[in-house]
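Dumped work_33.pdb below, it's PDB, C-alpha atoms and all ligand atoms:
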```
ATOM      1  CA  MET D  21     -12.018  12.614  -0.662  1.00  0.00           C
ATOM      2  CA  ASN D  22      -9.798  11.324  -3.401  1.00  0.00           C
ATOM      3  CA  THR D  23      -8.648   7.835  -2.322  1.00  0.00           C
ATOM      4  CA  LEU D  24      -6.093   5.630  -4.045  1.00  0.00           C
ATOM      5  CA  ILE D  25      -5.447   2.009  -3.084  1.00  0.00           C
ATOM      6  CA  ILE D  26      -2.086   0.470  -3.920  1.00  0.00           C
ATOM      7  CA  ASN D  27      -2.250  -3.325  -4.060  1.00  0.00           C
ATOM      8  CA  GLY D  28       1.062  -5.157  -3.680  1.00  0.00           C
ATOM      9  CA  ALA D  29      -0.389  -8.682  -3.956  1.00  0.00           C
ATOM     10  CA  VAL D  30       0.159 -11.052  -6.872  1.00  0.00           C
ATOM     11  CA  ASN D  31      -3.019 -13.118  -6.368  1.00  0.00           C
ATOM     12  CA  GLU D  32      -5.921 -11.346  -8.036  1.00  0.00           C
ATOM     13  CA  ASN D  33      -8.483 -13.102  -5.845  1.00  0.00           C
ATOM     14  CA  GLY D  34      -6.230 -13.658  -2.865  1.00  0.00           C
ATOM     15  CA  GLU D  35      -6.612 -12.687   0.752  1.00  0.00           C
ATOM     16  CA  CYS D  36      -5.053  -9.258   0.355  1.00  0.00           C
ATOM     17  CA  ARG D  37      -7.495  -8.421  -2.423  1.00  0.00           C
ATOM     18  CA  LYS D  38     -10.354  -9.605  -0.212  1.00  0.00           C
ATOM     19  CA  LEU D  39      -9.196  -7.285   2.561  1.00  0.00           C
ATOM     20  CA  ILE D  40      -9.002  -4.441   0.032  1.00  0.00           C
ATOM     21  CA  ASP D  41     -12.562  -5.200  -1.094  1.00  0.00           C
ATOM     22  CA  ILE D  42     -13.769  -5.091   2.518  1.00  0.00           C
ATOM     23  CA  PHE D  43     -12.124  -1.694   2.930  1.00  0.00           C
ATOM     24  CA  ASN D  44     -13.320  -0.437  -0.448  1.00  0.00           C
ATOM     25  CA  LYS D  45     -16.996  -1.344   0.135  1.00  0.00           C
ATOM     26  CA  ASN D  46     -19.162   1.758  -0.412  1.00  0.00           C
ATOM     27  CA  LEU D  47     -16.030   3.693  -1.331  1.00  0.00           C
ATOM     28  CA  GLY D  48     -15.275   2.602  -4.882  1.00  0.00           C
ATOM     29  CA  ALA D  49     -11.719   3.895  -4.789  1.00  0.00           C
ATOM     30  CA  GLU D  50      -9.324   3.205  -7.648  1.00  0.00           C
ATOM     31  CA  VAL D  51      -7.093   0.168  -7.019  1.00  0.00           C
ATOM     32  CA  ILE D  52      -3.665   0.118  -8.627  1.00  0.00           C
ATOM     33  CA  ASN D  53      -2.319  -3.428  -8.889  1.00  0.00           C
ATOM     34  CA  VAL D  54       1.426  -2.972  -8.906  1.00  0.00           C
ATOM     35  CA  TYR D  55       2.130  -6.529 -10.128  1.00  0.00           C
ATOM     36  CA  LYS D  56       0.061  -5.871 -13.253  1.00  0.00           C
ATOM     37  CA  GLU D  57       1.509  -2.419 -13.831  1.00  0.00           C
ATOM     38  CA  ASN D  58       4.981  -3.891 -14.304  1.00  0.00           C
ATOM     39  CA  ILE D  59       6.714  -1.156 -12.354  1.00  0.00           C
ATOM     40  CA  LEU D  60      10.491  -1.285 -12.326  1.00  0.00           C
ATOM     41  CA  PRO D  61      12.543  -0.447  -9.238  1.00  0.00           C
ATOM     42  CA  CYS D  62      14.335   2.879  -8.906  1.00  0.00           C
ATOM     43  CA  ALA D  63      17.651   2.719 -10.800  1.00  0.00           C
ATOM     44  CA  ASP D  64      19.231   5.368  -8.538  1.00  0.00           C
ATOM     45  CA  CYS D  65      20.442   7.206 -11.643  1.00  0.00           C
ATOM     46  CA  GLY D  66      19.763  10.602 -10.098  1.00  0.00           C
ATOM     47  CA  GLU D  67      18.336  12.009 -13.356  1.00  0.00           C
ATOM     48  CA  CYS D  68      15.212  13.166 -11.518  1.00  0.00           C
ATOM     49  CA  ARG D  69      17.327  15.738  -9.619  1.00  0.00           C
ATOM     50  CA  ASN D  70      16.875  18.185 -12.501  1.00  0.00           C
ATOM     51  CA  GLY D  71      13.085  18.228 -12.021  1.00  0.00           C
ATOM     52  CA  GLY D  72      12.221  16.523 -15.309  1.00  0.00           C
ATOM     53  CA  GLY D  73      10.591  13.519 -13.635  1.00  0.00           C
ATOM     54  CA  CYS D  74      11.660   9.891 -13.725  1.00  0.00           C
ATOM     55  CA  VAL D  75      13.467   8.727 -16.870  1.00  0.00           C
ATOM     56  CA  ILE D  76      12.308   5.101 -16.515  1.00  0.00           C
ATOM     57  CA  ASN D  77       9.701   4.643 -19.225  1.00  0.00           C
ATOM     58  CA  ASP D  78       7.038   2.533 -17.524  1.00  0.00           C
ATOM     59  CA  ASN D  79       3.557   2.878 -16.048  1.00  0.00           C
ATOM     60  CA  MET D  80       4.790   4.671 -12.951  1.00  0.00           C
ATOM     61  CA  ASN D  81       4.789   7.846 -14.999  1.00  0.00           C
ATOM     62  CA  ASN D  82       0.972   7.647 -15.199  1.00  0.00           C
ATOM     63  CA  ILE D  83       0.738   7.045 -11.468  1.00  0.00           C
ATOM     64  CA  TYR D  84       2.901   9.904 -10.139  1.00  0.00           C
ATOM     65  CA  ASP D  85       0.131  12.499 -10.657  1.00  0.00           C
ATOM     66  CA  LYS D  86      -2.378  10.274  -8.870  1.00  0.00           C
ATOM     67  CA  ILE D  87      -0.051  10.090  -5.873  1.00  0.00           C
ATOM     68  CA  VAL D  88       0.471  13.851  -5.865  1.00  0.00           C
ATOM     69  CA  ASN D  89      -3.261  14.563  -5.903  1.00  0.00           C
ATOM     70  CA  ALA D  90      -4.637  11.828  -3.631  1.00  0.00           C
ATOM     71  CA  ASP D  91      -6.077  12.843  -0.247  1.00  0.00           C
ATOM     72  CA  ILE D  92      -5.843   9.322   1.137  1.00  0.00           C
ATOM     73  CA  ILE D  93      -3.632   6.447   0.018  1.00  0.00           C
ATOM     74  CA  ILE D  94      -4.103   2.891   1.252  1.00  0.00           C
ATOM     75  CA  PHE D  95      -1.132   0.562   0.853  1.00  0.00           C
ATOM     76  CA  ALA D  96      -2.134  -3.109   0.903  1.00  0.00           C
ATOM     77  CA  SER D  97       0.231  -6.061   0.885  1.00  0.00           C
ATOM     78  CA  PRO D  98       0.575  -9.670   1.908  1.00  0.00           C
ATOM     79  CA  ILE D  99       3.365 -10.106   4.438  1.00  0.00           C
ATOM     80  CA  TYR D 100       6.436 -11.706   2.861  1.00  0.00           C
ATOM     81  CA  TYR D 101       9.232 -12.471   5.325  1.00  0.00           C
ATOM     82  CA  SER D 102       7.688 -10.080   7.848  1.00  0.00           C
ATOM     83  CA  ALA D 103       7.684  -7.195   5.364  1.00  0.00           C
ATOM     84  CA  MET D 104       5.753  -5.940   2.355  1.00  0.00           C
ATOM     85  CA  THR D 105       6.160  -7.708  -0.988  1.00  0.00           C
ATOM     86  CA  GLY D 106       9.089  -7.004  -3.288  1.00  0.00           C
ATOM     87  CA  VAL D 107       6.913  -5.358  -5.928  1.00  0.00           C
ATOM     88  CA  MET D 108       5.487  -3.013  -3.306  1.00  0.00           C
ATOM     89  CA  MET D 109       9.044  -2.096  -2.345  1.00  0.00           C
ATOM     90  CA  ASN D 110       9.868  -1.518  -6.035  1.00  0.00           C
ATOM     91  CA  PHE D 111       6.867   0.776  -6.194  1.00  0.00           C
ATOM     92  CA  LEU D 112       7.905   2.693  -3.057  1.00  0.00           C
ATOM     93  CA  SER D 113      11.461   3.017  -4.355  1.00  0.00           C
ATOM     94  CA  ARG D 114      10.123   5.156  -7.181  1.00  0.00           C
ATOM     95  CA  PHE D 115       9.174   7.843  -4.624  1.00  0.00           C
ATOM     96  CA  GLN D 116      12.858   8.730  -4.923  1.00  0.00           C
ATOM     97  CA  MET D 117      11.728  10.998  -7.766  1.00  0.00           C
ATOM     98  CA  PHE D 118       9.877  13.173  -5.221  1.00  0.00           C
ATOM     99  CA  TYR D 119      12.792  13.003  -2.791  1.00  0.00           C
ATOM    100  CA  LEU D 120      15.528  14.109  -5.194  1.00  0.00           C
ATOM    101  CA  SER D 121      13.525  16.604  -7.242  1.00  0.00           C
ATOM    102  CA  GLY D 122      11.803  18.199  -4.254  1.00  0.00           C
ATOM    103  CA  ALA D 123       8.457  17.851  -6.089  1.00  0.00           C
ATOM    104  CA  LYS D 124       5.692  18.511  -3.593  1.00  0.00           C
ATOM    105  CA  CYS D 125       2.718  16.253  -2.946  1.00  0.00           C
ATOM    106  CA  ARG D 126      -0.607  17.454  -1.613  1.00  0.00           C
ATOM    107  CA  GLU D 127      -0.905  16.885   2.138  1.00  0.00           C
ATOM    108  CA  LYS D 128      -2.507  13.498   2.609  1.00  0.00           C
ATOM    109  CA  ARG D 129      -3.145  10.626   4.985  1.00  0.00           C
ATOM    110  CA  ALA D 130      -2.244   6.996   4.559  1.00  0.00           C
ATOM    111  CA  ALA D 131      -2.957   3.599   6.057  1.00  0.00           C
ATOM    112  CA  LEU D 132      -1.751   0.038   5.695  1.00  0.00           C
ATOM    113  CA  LEU D 133      -3.652  -3.204   5.075  1.00  0.00           C
ATOM    114  CA  LEU D 134      -1.760  -6.442   5.643  1.00  0.00           C
ATOM    115  CA  THR D 135      -2.545 -10.132   5.345  1.00  0.00           C
ATOM    116  CA  GLY D 136      -0.279 -12.901   6.567  1.00  0.00           C
ATOM    117  CA  GLY D 137      -0.455 -16.657   6.730  1.00  0.00           C
ATOM    118  CA  GLY D 138       0.460 -16.751  10.396  1.00  0.00           C
ATOM    119  CA  ALA D 139       4.173 -17.600  10.333  1.00  0.00           C
ATOM    120  CA  THR D 140       4.876 -14.374  12.170  1.00  0.00           C
ATOM    121  CA  LYS D 141       2.592 -11.892  13.825  1.00  0.00           C
ATOM    122  CA  ARG D 142       5.006  -9.031  13.192  1.00  0.00           C
ATOM    123  CA  THR D 143       3.719  -5.941  11.449  1.00  0.00           C
ATOM    124  CA  ASP D 144       6.358  -3.486  12.638  1.00  0.00           C
ATOM    125  CA  TYR D 145       8.810  -4.105   9.765  1.00  0.00           C
ATOM    126  CA  ALA D 146       6.148  -3.321   7.179  1.00  0.00           C
ATOM    127  CA  GLU D 147       4.991  -0.268   9.121  1.00  0.00           C
ATOM    128  CA  HIS D 148       8.530   1.021   9.436  1.00  0.00           C
ATOM    129  CA  GLN D 149       9.171   0.601   5.706  1.00  0.00           C
ATOM    130  CA  LEU D 150       5.992   2.405   4.817  1.00  0.00           C
ATOM    131  CA  LYS D 151       6.458   5.279   7.263  1.00  0.00           C
ATOM    132  CA  LEU D 152       9.805   6.180   5.700  1.00  0.00           C
ATOM    133  CA  ALA D 153       8.243   6.314   2.238  1.00  0.00           C
ATOM    134  CA  LEU D 154       5.275   8.341   3.485  1.00  0.00           C
ATOM    135  CA  LYS D 155       7.508  11.179   4.643  1.00  0.00           C
ATOM    136  CA  ILE D 156       8.580  11.668   1.035  1.00  0.00           C
ATOM    137  CA  ILE D 157       5.019  12.048  -0.249  1.00  0.00           C
ATOM    138  CA  ASN D 158       3.825  14.365   2.521  1.00  0.00           C
ATOM    139  CA  ALA D 159       1.544  11.713   3.998  1.00  0.00           C
ATOM    140  CA  GLU D 160       0.591  11.244   7.627  1.00  0.00           C
ATOM    141  CA  TYR D 161       0.382   7.609   8.775  1.00  0.00           C
ATOM    142  CA  VAL D 162      -3.007   6.908  10.368  1.00  0.00           C
ATOM    143  CA  GLY D 163      -2.697   3.207  11.179  1.00  0.00           C
ATOM    144  CA  LEU D 164      -3.159  -0.337   9.949  1.00  0.00           C
ATOM    145  CA  THR D 165      -5.500  -3.274   9.798  1.00  0.00           C
ATOM    146  CA  ALA D 166      -3.698  -6.607   9.731  1.00  0.00           C
ATOM    147  CA  TYR D 167      -5.163 -10.089   9.439  1.00  0.00           C
ATOM    148  CA  ILE D 168      -2.427 -12.633  10.027  1.00  0.00           C
ATOM    149  CA  ASN D 169      -4.225 -15.932   9.983  1.00  0.00           C
ATOM    150  CA  THR D 170      -4.927 -16.667   6.314  1.00  0.00           C
ATOM    151  CA  ASP D 171      -3.333 -20.152   6.485  1.00  0.00           C
ATOM    152  CA  ARG D 172      -6.240 -21.172   8.728  1.00  0.00           C
ATOM    153  CA  GLN D 173      -9.182 -19.081   7.647  1.00  0.00           C
ATOM    154  CA  SER D 174     -10.072 -16.497   5.033  1.00  0.00           C
ATOM    155  CA  VAL D 175     -10.182 -12.865   6.089  1.00  0.00           C
ATOM    156  CA  ILE D 176     -13.823 -12.672   5.006  1.00  0.00           C
ATOM    157  CA  TYR D 177     -14.827 -14.700   8.094  1.00  0.00           C
ATOM    158  CA  SER D 178     -12.984 -12.494  10.555  1.00  0.00           C
ATOM    159  CA  GLU D 179     -15.501 -10.334  12.438  1.00  0.00           C
ATOM    160  CA  GLU D 180     -12.602  -8.731  14.282  1.00  0.00           C
ATOM    161  CA  THR D 181     -11.070  -7.600  10.990  1.00  0.00           C
ATOM    162  CA  LEU D 182     -14.406  -6.209   9.761  1.00  0.00           C
ATOM    163  CA  ARG D 183     -14.580  -4.137  12.950  1.00  0.00           C
ATOM    164  CA  ALA D 184     -10.946  -3.051  12.622  1.00  0.00           C
ATOM    165  CA  VAL D 185     -11.505  -1.921   9.017  1.00  0.00           C
ATOM    166  CA  SER D 186     -14.558   0.020  10.100  1.00  0.00           C
ATOM    167  CA  GLU D 187     -12.524   1.771  12.846  1.00  0.00           C
ATOM    168  CA  LEU D 188      -9.727   2.527  10.397  1.00  0.00           C
ATOM    169  CA  LYS D 189     -12.209   4.057   7.964  1.00  0.00           C
ATOM    170  CA  LYS D 190     -13.632   6.199  10.754  1.00  0.00           C
ATOM    171  CA  SER D 191     -10.131   7.459  11.555  1.00  0.00           C
ATOM    172  CA  LEU D 192      -9.579   8.297   7.903  1.00  0.00           C
ATOM    173  CA  TYR D 193     -12.969   9.657   6.850  1.00  0.00           C
ATOM    174  CA  GLY D 194     -14.918  10.421  10.010  1.00  0.00           C
ATOM    175  CA  GLN D 195     -18.279   8.802  10.776  1.00  0.00           C
ATOM    176  CA  ASN D 196     -19.601   8.657   7.196  1.00  0.00           C
ATOM    177  CA  PRO D 197     -16.992   7.543   4.672  1.00  0.00           C
TER     178      PRO D 197
HETATM  179  C1  LIG W   1       7.348 -15.588  -0.271  1.00  0.00           C
HETATM  180  C2  LIG W   1       6.335 -15.590   0.842  1.00  0.00           C
HETATM  181  C3  LIG W   1       6.716 -15.167   2.110  1.00  0.00           C
HETATM  182  C4  LIG W   1       5.771 -15.176   3.146  1.00  0.00           C
HETATM  183  N1  LIG W   1       6.159 -14.724   4.391  1.00  0.00           N
HETATM  184  C5  LIG W   1       5.249 -14.688   5.397  1.00  0.00           C
HETATM  185  C6  LIG W   1       5.605 -14.189   6.679  1.00  0.00           C
HETATM  186  O1  LIG W   1       6.722 -13.762   6.953  1.00  0.00           O
HETATM  187  N2  LIG W   1       4.649 -14.186   7.653  1.00  0.00           N
HETATM  188  C7  LIG W   1       3.370 -14.632   7.424  1.00  0.00           C
HETATM  189  O2  LIG W   1       2.551 -14.589   8.343  1.00  0.00           O
HETATM  190  N3  LIG W   1       2.990 -15.097   6.206  1.00  0.00           N
HETATM  191  C8  LIG W   1       3.893 -15.122   5.186  1.00  0.00           C
HETATM  192  N4  LIG W   1       3.520 -15.561   3.942  1.00  0.00           N
HETATM  193  C9  LIG W   1       2.106 -15.943   3.696  1.00  0.00           C
HETATM  194  C10 LIG W   1       1.304 -14.814   3.083  1.00  0.00           C
HETATM  195  O3  LIG W   1       1.509 -13.586   3.753  1.00  0.00           O
HETATM  196  C11 LIG W   1      -0.209 -15.117   3.130  1.00  0.00           C
HETATM  197  O4  LIG W   1      -0.472 -16.337   2.472  1.00  0.00           O
HETATM  198  C12 LIG W   1      -1.031 -14.015   2.526  1.00  0.00           C
HETATM  199  O5  LIG W   1      -2.343 -14.100   3.017  1.00  0.00           O
HETATM  200  C13 LIG W   1      -1.050 -14.070   1.001  1.00  0.00           C
HETATM  201  O6  LIG W   1      -1.908 -13.069   0.482  1.00  0.00           O
HETATM  202  P1  LIG W   1      -2.583 -13.294  -0.952  1.00  0.00           P
HETATM  203  O7  LIG W   1      -3.587 -14.406  -0.810  1.00  0.00           O
HETATM  204  O8  LIG W   1      -3.221 -11.977  -1.265  1.00  0.00           O
HETATM  205  O9  LIG W   1      -1.468 -13.602  -1.914  1.00  0.00           O
HETATM  206  C14 LIG W   1       4.442 -15.584   2.907  1.00  0.00           C
HETATM  207  C15 LIG W   1       4.080 -16.011   1.611  1.00  0.00           C
HETATM  208  C16 LIG W   1       4.999 -16.001   0.589  1.00  0.00           C
HETATM  209  C17 LIG W   1       4.583 -16.444  -0.804  1.00  0.00           C
END
```

This structure in structure tokens:
Amino acid sequence: MNTLIINGAVNENGECRKLIDIFNKNLGAEVINVYKENILPCADCGECRNGGGCVINDNMNNIYDKIVNADIIIFASPIYYSAMTGVMMNFLSRFQMFYLSGAKCREKRAALLLTGGGATKRTDYAEHQLKLALKIINAEYVGLTAYINTDRQSVIYSEETLRAVSELKKSLYGQNP
């Protein structure tokens, strides 16, 4: 299965990245770090309506094909103000190219990984945001693993999160990912 992991965290060795690494163990999926890719937000220019792709000349143009062809996409983000990070939202806004052009993506499944300091235990805003974007890329939402306690303890010590990741992987890949 062709898996793509989209990382919306700024900290290269932060808690979100650690959660990604837990998920990615024995998988070796490609991780796209959206902060590093310098992806601009959708300009809502509507130029993509004519089917010629997005006219913004940035790294997103190398990523569109990967999204089309992925079987599984994992979206990972720290929680900022109960939602995903701004750069992740910039990234998702570029799905407008698929929406306006009608370009079809391969049927796929998707899941969410979240870390939070603990200020709020809410994950529903982030889930709601993601689910809307997933409709556009023909992706079925499978579920999430959230660890919202990073102010107190690193995710790497959370046995509960290790188990939750393992369950999520089973839902996505079956018994042997
Ligand atoms: C701008 C900002 C907003 C945040 N908002 C929340 C929040 O609403 N709820 C929460 O639990 N943690 C919040 N946090 C804490 C981060 O989610 C937490 O530190 C997370 O583990 C950071 O992941 P990282 O180490 O990969 O950067 C916020 C942090 C920042 C910088």

Quiz prompt | Closest of D:Gln195, D:Asn27, D:Thr140, D:Gln116 to Gly73 in chain D - atom-to-atom distances counting all atoms listed in the file | solution = D:Gln116

Near-ligand residues for ligand LIG 1 (chain W), threshold 9 Å, only C-alpha atoms and all ligand atoms, as a short mmCIF file (atom, residue, chain, number, x, y, z; two decimals) with C-alpha atoms, in the frame of the given file:
```cif
data_model
loop_
_atom_site.label_atom_id
_atom_site.label_comp_id
_atom_site.auth_asym_id
_atom_site.auth_seq_id
_atom_site.Cartn_x
_atom_site.Cartn_y
_atom_site.Cartn_z
CA GLY D 28 1.06 -5.16 -3.68
CA ALA D 29 -0.39 -8.68 -3.96
CA VAL D 30 0.16 -11.05 -6.87
CA ASN D 31 -3.02 -13.12 -6.37
CA GLU D 32 -5.92 -11.35 -8.04
CA ASN D 33 -8.48 -13.10 -5.84
CA GLY D 34 -6.23 -13.66 -2.86
CA GLU D 35 -6.61 -12.69 0.75
CA CYS D 36 -5.05 -9.26 0.36
CA ARG D 37 -7.50 -8.42 -2.42
CA LYS D 38 -10.35 -9.60 -0.21
CA LEU D 39 -9.20 -7.28 2.56
CA SER D 97 0.23 -6.06 0.88
CA PRO D 98 0.57 -9.67 1.91
CA ILE D 99 3.36 -10.11 4.44
CA TYR D 100 6.44 -11.71 2.86
CA TYR D 101 9.23 -12.47 5.32
CA SER D 102 7.69 -10.08 7.85
CA ALA D 103 7.68 -7.20 5.36
CA MET D 104 5.75 -5.94 2.36
CA THR D 105 6.16 -7.71 -0.99
CA LEU D 134 -1.76 -6.44 5.64
CA THR D 135 -2.54 -10.13 5.34
CA GLY D 136 -0.28 -12.90 6.57
CA GLY D 137 -0.46 -16.66 6.73
CA GLY D 138 0.46 -16.75 10.40
CA ALA D 139 4.17 -17.60 10.33
CA THR D 140 4.88 -14.37 12.17
CA LYS D 141 2.59 -11.89 13.82
CA ARG D 142 5.01 -9.03 13.19
CA TYR D 167 -5.16 -10.09 9.44
CA ILE D 168 -2.43 -12.63 10.03
CA ASN D 169 -4.22 -15.93 9.98
CA THR D 170 -4.93 -16.67 6.31
CA ASP D 171 -3.33 -20.15 6.48
CA SER D 174 -10.07 -16.50 5.03
CA VAL D 175 -10.18 -12.86 6.09
#
```

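Proximity of D:Ile42, D:Met108, D:Ala131, D:Leu120 to Ile93 in chain D, computed with all atoms listed in the file, is greatest for D:Ala131.
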
Give me the residues near Leu154 in chain D as a PDB file with C-alpha atoms, in the frame of the given file, where near means some atom within 8 Å (using only C-alpha atoms) and where sequence neighbours in that chain fewer than 6 positions away do not count.
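This is the output file selection26.pdb:
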```pdb
ATOM      1  CA  ALA D 130      -2.244   6.996   4.559  1.00  0.00           C
ATOM      2  CA  GLU D 160       0.591  11.244   7.627  1.00  0.00           C
ATOM      3  CA  TYR D 161       0.382   7.609   8.775  1.00  0.00           C
TER       4      TYR D 161
END
```

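Ranking D:Asn53, D:Thr143, D:Asn46, D:Asn70 by their shortest atom-to-atom distance to Ile83 in chain D, with only C-alpha atoms included, puts D:Asn53 first.
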
Self-check item: Atom-to-atom span, CA of Ile157 in chain D and CA of Lys128 in chain D, Å
Solution: 8.2 Å
